[in-house]
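Undergrad: Below you'll find the structure I mean.
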Amino acid sequence: MHAANVKPKVNWSVLYQLEDWWANWLGAGLLLLAANRVISTVPKIAKWQSSLSQALPISDIIPLLSMGLIIGLVAAFALKIMDKDARGFLIGYPFVFLLAVAAYIIGAQETLSLYGFNYVIWALILGMAITNIFGHITWLQSALKAEMFIKTGLVLMGAEILFNRVMALGVYGLGVAWLVTPIVLYVMYWLGTRLLKIQSKSLVATIAATTSVCGVSAAIATGAATKARKEEVSFTISISLIFTILMMLGLPPLIRVMGLGEVVGGAWIGGTVDSTGAVVAAGAMLGKTATEVAALVKMLQNALIGLVSFGLAVIWVSRVERKPGESRPSPLEIWVRFPKFIIGFMLASALFSFILIPGLGDKAVNDIIKVTTALRNWLFCISFVSIGLDTNFAEMKRLAGDHRPVMLYILGQTFNLVLTLAAAWFFFSGHFFPPIR
């Protein structure tokens, strides 16, 4: 009787043994260091036209390598605590980091950057090219920690979702970003599973979230929530990047031909172009107002990453993976599946929106976010190099050979374009609501 009343002990070890929690601790540490100005500058690769010395002056090499060394040592420490191969990571990490630097340099070339060929694309290309030529390199495998780096980057990204800014467009922006997104997500999932009959529901959900929310970041977050295979996530990212470039270049001239104006056009771009960087670039082709509106709509969509990931985690545990006759999953089972780094993403947004903005002011917070954004970009670049190096080409060829996933993206993005245009015109044209100032 007495033994039956003994409560099970809480397993606190998950807080330092799971990668998701380490993404939170590392992200929180970087945010605190930046907020307290311990980290006040981050080495950057400058835009360049014809001379590599413009991209990386000799004076910047030591700071850049020092940053890479610190990132590597901190990551190795986390891996050691998680009982993973920290020594193997340190052996392969320098190569991964140098490849990330190369990708950043190529992506900073002005002409390539103008047309959307940024560091993300080159990181994947360089990584995949090396794997395709030399095969999977054994001594590199322990250094390919794509998820840890990108999850930490997503925690940092949360700081960029500021409540006062995302609400600058009021209910108009919410109408475009938060009404259209769940509709597109649901319709694409239905198309993929019912009409196209794609067997992997995780792949369908990842493609749907990538299209409807915010591209690469959504692919990583929803892939984690639905336990998608890494090849499925890589394939989705590849499709997204290709169509992002096409839409970034194609939408601005189409908007001019249609005579939509900067506000409606910017809202359309923000709600449909997958990548935040491409959204800003496409908006800039129309004008300053279009850039601001597009960026704000995209920021509103980015804010949905946490909610979408949580919703998919619940659906996957309670419906997709639940076998006939099984009882409904407990809250604990849902909690175990939930991607924990999303907690850091949401808390970072709340901290910067409701504590730092009122306490420090916009300018000080902007300076902090410049630092954390630069750090996030480096973590993302390292992650995408790792994804490229870890790509299974046989699986990628199989996915590419089955045209249904690509067809799903095309159908879903077409629906997204039509529905978002209708919403942008309804909320921003001035025919139904007062125009924004």
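Following the order of the structure tokens, chains are lettered A, B, ..., residues in each are numbered from 1, and ligands are numbered from 1.
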For A:Val264, list every protein, DNA or RNA residue within 6 Å, evaluated using only C-alpha atoms, and leave out those in the same chain fewer than 4 positions away; present the list as a ChimeraX atom specification.
TA: /A:260,424-425,428
Undergrad: Kindly export the residues of the current selection with C-alpha atoms, as a short mmCIF file (atom, residue, chain, number, x, y, z; two decimals), in the first residue's frame.
TA:
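File written: result.cif
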data_model
loop_
_atom_site.label_atom_id
_atom_site.label_comp_id
_atom_site.auth_asym_id
_atom_site.auth_seq_id
_atom_site.Cartn_x
_atom_site.Cartn_y
_atom_site.Cartn_z
CA LEU A 260 -1.62 46.70 -57.47
CA ALA A 424 -4.14 41.52 -49.60
CA TRP A 425 -6.57 43.33 -51.92
CA PHE A 428 -5.13 46.79 -48.04
#
Undergrad: Give me, as a list in words, all polymer residues having an atom no more than 6 Å from A:Cys214, counting only C-alpha atoms and skipping those fewer than 3 positions away in the same chain.
TA: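 Those residues are Thr210, Ala218, Asp274 and Asn302 of chain A.
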Undergrad: Could you find all residues in stretch 256-365 of chain A that DSSP calls alpha helix (DSSP H) from the backbone, and write them as a ChimeraX atom specification?
TA: /A:256-258,261-272,276-284,288-302,305-315,331-337,341-351,357-360,362-365
Undergrad: Give one line per residue of stretch 348-426 of chain A that approaches stretch 67-75 of chain A to at most 10 Å, naming the two atoms of the closest pair and their distance in Å to one decimal, counting only C-alpha atoms; sort by chain then ascending residue number and deliver it as JSON lines.
TA:
{"residue": "A:Leu375", "atom": "CA", "partner": "A:Met67", "partner_atom": "CA", "distance": 9.6}
{"residue": "A:Trp378", "atom": "CA", "partner": "A:Gly68", "partner_atom": "CA", "distance": 9.1}
{"residue": "A:Leu379", "atom": "CA", "partner": "A:Ile71", "partner_atom": "CA", "distance": 8.8}
{"residue": "A:Ile382", "atom": "CA", "partner": "A:Gly68", "partner_atom": "CA", "distance": 9.9}
Undergrad: Those residues you just picked out, can you put them in a file as a short mmCIF file (atom, residue, chain, number, x, y, z; two decimals), in the first residue's frame with N, CA and C atoms?
TA:
data_model
loop_
_atom_site.label_atom_id
_atom_site.label_comp_id
_atom_site.auth_asym_id
_atom_site.auth_seq_id
_atom_site.Cartn_x
_atom_site.Cartn_y
_atom_site.Cartn_z
N LEU A 375 24.47 36.40 -35.58
CA LEU A 375 24.79 35.09 -35.01
C LEU A 375 23.88 34.01 -35.59
N TRP A 378 24.93 32.90 -39.04
CA TRP A 378 26.08 32.00 -39.04
C TRP A 378 25.68 30.59 -38.62
N LEU A 379 24.82 30.50 -37.60
CA LEU A 379 24.36 29.18 -37.16
C LEU A 379 23.56 28.49 -38.26
N ILE A 382 26.06 27.22 -40.99
CA ILE A 382 26.71 25.98 -40.56
C ILE A 382 25.74 24.81 -40.67
#
Undergrad: Can you pull out every residue within 8 Å of stretch 324-340 of chain A, counting only C-alpha atoms, but drop anything in the same chain fewer than 4 positions away, and send it as a JSON list (two decimals) with N, CA and C atoms, in the first residue's frame?
TA:
[["chain", "number", "residue", "atom", "x", "y", "z"],
["A", 20, "ASP", "N", 17.05, 19.46, -27.99],
["A", 20, "ASP", "CA", 16.10, 20.56, -28.01],
["A", 20, "ASP", "C", 16.30, 21.50, -26.82],
["A", 21, "TRP", "N", 16.56, 20.92, -25.65],
["A", 21, "TRP", "CA", 16.78, 21.77, -24.48],
["A", 21, "TRP", "C", 18.10, 22.52, -24.59],
["A", 24, "ASN", "N", 17.70, 25.62, -26.43],
["A", 24, "ASN", "CA", 17.16, 26.68, -25.58],
["A", 24, "ASN", "C", 18.25, 27.31, -24.72],
["A", 221, "ALA", "N", 11.21, 23.24, -38.24],
["A", 221, "ALA", "CA", 10.36, 23.13, -37.05],
["A", 221, "ALA", "C", 9.29, 22.06, -37.22],
["A", 224, "ALA", "N", 10.66, 18.51, -37.30],
["A", 224, "ALA", "CA", 10.91, 17.98, -35.96],
["A", 224, "ALA", "C", 9.61, 17.53, -35.29],
["A", 225, "ALA", "N", 8.54, 18.30, -35.49],
["A", 225, "ALA", "CA", 7.25, 17.98, -34.85],
["A", 225, "ALA", "C", 6.64, 16.70, -35.41],
["A", 309, "SER", "N", 3.88, 24.30, -35.15],
["A", 309, "SER", "CA", 4.66, 23.15, -34.68],
["A", 309, "SER", "C", 3.95, 22.43, -33.55],
["A", 310, "PHE", "N", 3.41, 23.20, -32.61],
["A", 310, "PHE", "CA", 2.68, 22.60, -31.50],
["A", 310, "PHE", "C", 1.44, 21.86, -32.00],
["A", 313, "ALA", "N", 2.41, 18.66, -33.72],
["A", 313, "ALA", "CA", 2.86, 17.66, -32.75],
["A", 313, "ALA", "C", 1.67, 16.97, -32.09],
["A", 314, "VAL", "N", 0.65, 17.76, -31.74],
["A", 314, "VAL", "CA", -0.56, 17.20, -31.12],
["A", 314, "VAL", "C", -1.28, 16.28, -32.10],
["A", 317, "VAL", "N", 0.64, 12.91, -32.68],
["A", 317, "VAL", "CA", 0.55, 11.96, -31.57],
["A", 317, "VAL", "C", -0.86, 11.41, -31.41],
["A", 318, "SER", "N", -1.86, 12.27, -31.56],
["A", 318, "SER", "CA", -3.23, 11.87, -31.27],
["A", 318, "SER", "C", -3.95, 11.23, -32.45],
["A", 344, "GLY", "N", 11.75, 28.18, -26.39],
["A", 344, "GLY", "CA", 12.75, 29.24, -26.42],
["A", 344, "GLY", "C", 12.41, 30.31, -27.44]]
Undergrad: Name the residues in contact with A:Lys201 at a cut-off of 9 Å, using only C-alpha atoms, excluding same-chain residues fewer than 5 positions from it; report them as a PDB file with C-alpha atoms, in the first residue's frame.
TA:
ATOM      1  CA  TYR A 189      -2.341  18.548 -46.420  1.00  0.00           C
ATOM      2  CA  GLY A 192      -1.102  15.643 -50.502  1.00  0.00           C
ATOM      3  CA  THR A 193      -2.755  12.852 -48.550  1.00  0.00           C
ATOM      4  CA  THR A 206       6.565  19.656 -43.996  1.00  0.00           C
ATOM      5  CA  THR A 226       6.241  15.279 -37.349  1.00  0.00           C
ATOM      6  CA  ALA A 228      10.132  13.741 -40.896  1.00  0.00           C
ATOM      7  CA  VAL A 320      -1.527  10.193 -37.400  1.00  0.00           C
TER       8      VAL A 320
END
Undergrad: Hey, which of A:Leu79, A:Ala267, A:Leu15, A:Ile198 ends up closest to A:Leu174? Count only C-alpha atoms.
TA: A:Ala267
Undergrad: Quote the spacing between atom CA of A:Thr111 and atom CA of A:Thr372 in Å to one decimal place.
TA: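 Calculated distance between atom CA of A:Thr111 and atom CA of A:Thr372 is 26.2 Å.
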Undergrad: Please list as a compact mmCIF listing (two decimals) with C-alpha atoms, in the first residue's frame every residue within 9 Å of A:Thr420, counting only C-alpha atoms and excluding residues in the same chain fewer than 5 positions away.
TA:
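Saved the output as result27.txt:
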# COMPACT_ATOMS: atom_id res chain seq x y z
CA VAL A 176 -3.35 38.29 -44.63
CA ALA A 177 -0.94 36.27 -42.49
CA VAL A 180 -4.65 32.59 -45.15
CA THR A 181 -1.88 30.48 -43.57
CA ALA A 267 1.38 42.30 -48.57
CA TRP A 268 1.15 39.78 -51.43
CA ILE A 269 4.91 39.29 -51.46
CA GLY A 271 2.43 36.33 -47.59
CA THR A 272 3.76 34.15 -50.41
CA PHE A 415 -3.49 28.34 -54.23
CA TRP A 425 -6.57 43.33 -51.92
Undergrad: Extract, using only C-alpha atoms, all DNA, RNA and protein residues at most 12 Å from A:Ser40, discarding same-chain residues fewer than 2 positions from it, and format them as a PyMOL selection string.
TA: chain A and resi 30-38+42-43+364+366-375
